[in-house]
Structure formats: structure tokens, C-alpha cells
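Taking it in order: structure first as C-alpha cells, then the write-up.
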Amino acid sequence: MQKKLSSASSRQQPVTRPAGKIWDIPLRLFHWLLMLAVIGAIASGKTQNWFWHEKMGLTVLGLIGFRLIWGVVGTRYARFSSFRLMPRHVIGYIRSRLAGDKTRSPGHAPTGAWATILLLAVLGGMASLGTMAHNDVLFEGPLAATANGYGAGEFSDTATDWHNALEPILFAVLAAHIVALLMYRLWLKINLVPAMVTGGEDKSPKPFSKTHQITGVILLLAMIAAAQCLGLIGERYYF
Ligand code: HEM
Ligand code: HEM
């Protein structure tokens with residue numbers, strides 16, 4: 001019946017199938033909230049505003065937690081299984097770009113997929129280590145006491161060192177992220193940013209379901225809330 005209808009309508013006018021999106025709403029929300037929380041965590045860390053540092057850092061932790069789950073149960077291009085990570089993918093991709101290929105295909109390019117993994121790893125590492133770090137005065141991550149006193153012994157000192165050591169690495173990865181976007185823009189004449197705002201346009205298969213996306217947004221908010229609950233552990237001093 002559906003086939004008949006569509007062939008009948010195709011005789012009158014060309015069938016215009018609604019285009020799907022590349023990035024779903026939860027993933028876009030994740031990206032821009034992550035950007036704000038990371039900027040907030042860096043600014044508050046540098047100015048030693050520990051109250052906000054805890055809030056921003058834990059928000060990053062919750063967001064990364066969300067992304068790891070969404071990488072498994074999310075929509076098509078958000079899934080880690082859609083990432084093309086093999087050396088042959090990366091080399092093939094770079095070769096095709098150097099040979100003058102300026103096309104845009106939906107989802108992360110192999111280099112972008114690696115950059116995503118690197119960003120998630122550095123931020124996830126920094127945020128989890130932060131929960132066990134201390135500032136040599138009264139402020140410490142909510143799990144530092146556990147790490148120091150009852151659990152992993154002196155690990156809080158190590159966590160603090162690693163938390164600080166990851167800082168220049170984070171700055172380098174963030175700089176690479178921005179340089180890569182600029183290179184796409186200036187060299188390949190591809191602006192990747194609007195798709196992270198509007199979702200972009202994927203001409204091939206069916207659009208994402210509303211329920212799936214709403215579930216994603218609820219999951220994202222729940223993960224942020226759960227991470228903030230860590231801040232309720234122990235007595236908190238922000239000096
Ligand atoms: C990805 C998220 C995070 C980023 C980007 C971040 C970044 C920073 C930065 C830039 C500093 C200042 C280091 C310096 O003095 O140069 C810092 C210090 C610190 N952060 Fe974070 N942080 C994050 C998450 C967290 C979390 C979740 C906590 C705990 C709730 C935390 C606890 C601390 C502590 C205790 C210090 C003081 C370390 C010291 O004095 O050596 N951080 N962080
Ligand atoms: C603290 C700053 C930032 C962080 C931590 C960050 C993090 C990330 C991460 C983790 C991804 C991968 C998305 C995924 O999970 O699949 C990504 C992708 C992306 N980001 Fe950022 N980002 C930052 C700043 C920016 C800025 C300032 C822009 C542009 C104005 C931007 C534009 C994009 C775009 C367009 C993509 C998709 C790239 C592609 O098509 O492969 N980001 N970013």
C-alpha cells in the first residue's frame with residue numbers, strides 16, 4: 001500500500017524525503033555544555049575558586065560519563081562502533097584529502113574520531129583524578145579522603161600530581177581541536193561548526209526517533225546530577 005502511494009506521488013512530483021540529522025540533540029547539548037564546563041573548570045582552577053571548580057569539574061565528569069554510555073546506545077554517528085579508527089582508515093583518509101578530495105561525509109572522519117577519543121580520555125582522566133586531588137590547604141576532591149585515609153593510601157598526592165600534569169596535555173589537545181576546525185574551514189572550505197549547532201543534514205537513512213533523543217537528554221541531565229551528588233560526600237571546605 002505504501003509502495004503504491006509513493007509511486008503514485010512520484011509521478012506527480014519528485015519525492016522529497018525528510019533529511020535525517022548527523023548529530024542528535026543530546027550529543028550537541030553534550031558538546032556545548034562540555035565546552036562551557038571545561039572553560040569554567042580551567043578558569044576556576046586557575047583563579048583558585050574551589051567552590052566553582054568542584055561544580056564545573058563534576059559537571060565535566062557527568063558529561064563524560066554520559067558520552068561513554070551514549071557511545072554505545074546513542075544514535076548512528078554518536079556510536080563508537082561507527083568510528084573508523086584503523087590505521088588504514090586514517091592513512092586512507094589523509095591520503096584522499098592530500099589528493100584534493102574536498103567532500104564531506106556524515107559522522108566523524110577517522111582523524112576526528114581519534115581526536116574525540118583523546119579529548120574524552122584526557123577530560124575523563126582529569127575529572128576523575130580531580131575527585132581525589134587536594135590543594136595542600138583545605139580543599140580536596142570529594143573522594144580524596146577515601147583515597148588518602150581508608151582506601152588507596154597516599155594516592156591523593158599522586159592524583160593531584162597527575163591532575164596537574166594533564167593540564168598542559170589538555171591545552172594541547174584543545175588547541176589541536178581548534179586548529180583542525182580552522183584547517184577544515186580554510187583549506188577544505190568545509191565549516192563543521194553549524195552541524196554541531198543544527199545537527200547538520202544526513203541525506204541517507206531515516207531520521208532519529210524523538211523518544212531516543214529525549215531519553216538521551218534525560219540521561220545527560222541525570223549523569224550531571226549524579227556527578228554533582230559526589231560533592232555531597234564529606235565536609236566541604238573551599239580554601
Ligand atoms: C576536566 C575537569 C577539570 C579540569 C579541566 C580541571 C583543571 C584544573 C586546573 C587548571 C587546576 C589549577 C592547576 C594550577 O594551579 O595550575 C586545577 C586544580 C585542582 N583541581 Fe581541577 N580540574 C578538573 C576537575 C576537577 C574536579 C572534578 C575536582 C574535584 C572535585 C578537581 C580538583 C582540583 C584540585 C584539588 C586542584 C588543586 C591542585 C593543586 O593545588 O595542586 N578538579 N584543576
Ligand atoms: C573547551 C572547549 C571544547 C571542548 C572540550 C570540545 C570537545 C569536543 C568533543 C569531545 C568533540 C567530539 C564530539 C563527540 O563526542 O562525538 C568535539 C567535536 C566538535 N567540536 Fe568541540 N570542543 C570544544 C570547543 C569547540 C569550539 C569552540 C568549537 C567551534 C566553535 C567546536 C566545534 C566542534 C565541532 C564542529 C565538532 C565536530 C567535529 C566533526 O565534525 O568531526 N568545539 N568537540
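Each chain of the C-alpha cells is named A, B, ... in the order shown, its residues numbered from 1; ligands are numbered from 1 in display order.
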
Could you pull out the helix (DSSP H, G or I) residues of range 69-213 of chain A from DSSP and send them as number ranges by chain? A: 69-73, 76-78, 80-82, 87-98, 110-130, 144-150, 155-186, 193-198, 210-213

Which residues are near ligand 2 - at most 7 Å, using only C-alpha atoms and all ligand atoms? Format: as a list in words. Leu27, His31, Leu34, Met35, Leu36, Val38, Ile39, Arg67, Ala78, Gly107, His108, Ala109, Gly112, Ala113, Thr116, Leu119, Leu120, Leu174, His177, Ile178, Leu181, Leu192, Val193, Pro194, Ala195 and Met196 of chain A

Using only C-alpha atoms and all ligand atoms, find each residue with an atom at most 8 Å away from ligand 1 and format the answer as a PyMOL selection string. chain A and resi 37-39+41-48+50+53-61+122-136+139-142+160-161+163-164+167+170+231

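Near Ser105 in chain A, within a cut-off of 12 Å and counting only C-alpha atoms, sit the residues Ile22, Tyr77, Tyr93, Asp101, Ala109, Pro110, Ile190, Leu192, Ala195, Gly200, Glu201, Asp202, Lys203 and Ser204 of chain A, with same-chain residues fewer than 4 positions away left out.
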
Under the rule that only C-alpha atoms are counted, which of A:Gly20, A:Glu235, A:Leu143, A:Arg97 is the nearest residue to Met183 in chain A? A:Arg97

Enter the distance from CA of Ile91 in chain A to CA of Lys21 in chain A, in Å, rounded to one decimal. 27.2 Å

Between CA of Leu68 in chain A and CA of Trp32 in chain A, distance in Å (one decimal): 16.4 Å

At most 7 Å is the cut-off: for each residue in range 55-150 of chain A with any atom that close to an atom of range 220-225 of chain A, write down the nearest atom pair and the distance in Å rounded to one decimal, counting only C-alpha atoms, chain first then increasing number, as a tab-separated table.
```
residue	atom	partner	partner_atom	distance
A:Thr59	CA	A:Ile224	CA	5.4
A:Gly62	CA	A:Ile224	CA	4.3
A:Leu63	CA	A:Ile224	CA	6.1
A:Gly65	CA	A:Met223	CA	6.7
A:Phe66	CA	A:Leu220	CA	5.5
```

As an exercise, work out the distance from CA of Trp52 in chain A to CA of Tyr237 in chain A in Å and give it to one decimal place. 12.1 Å
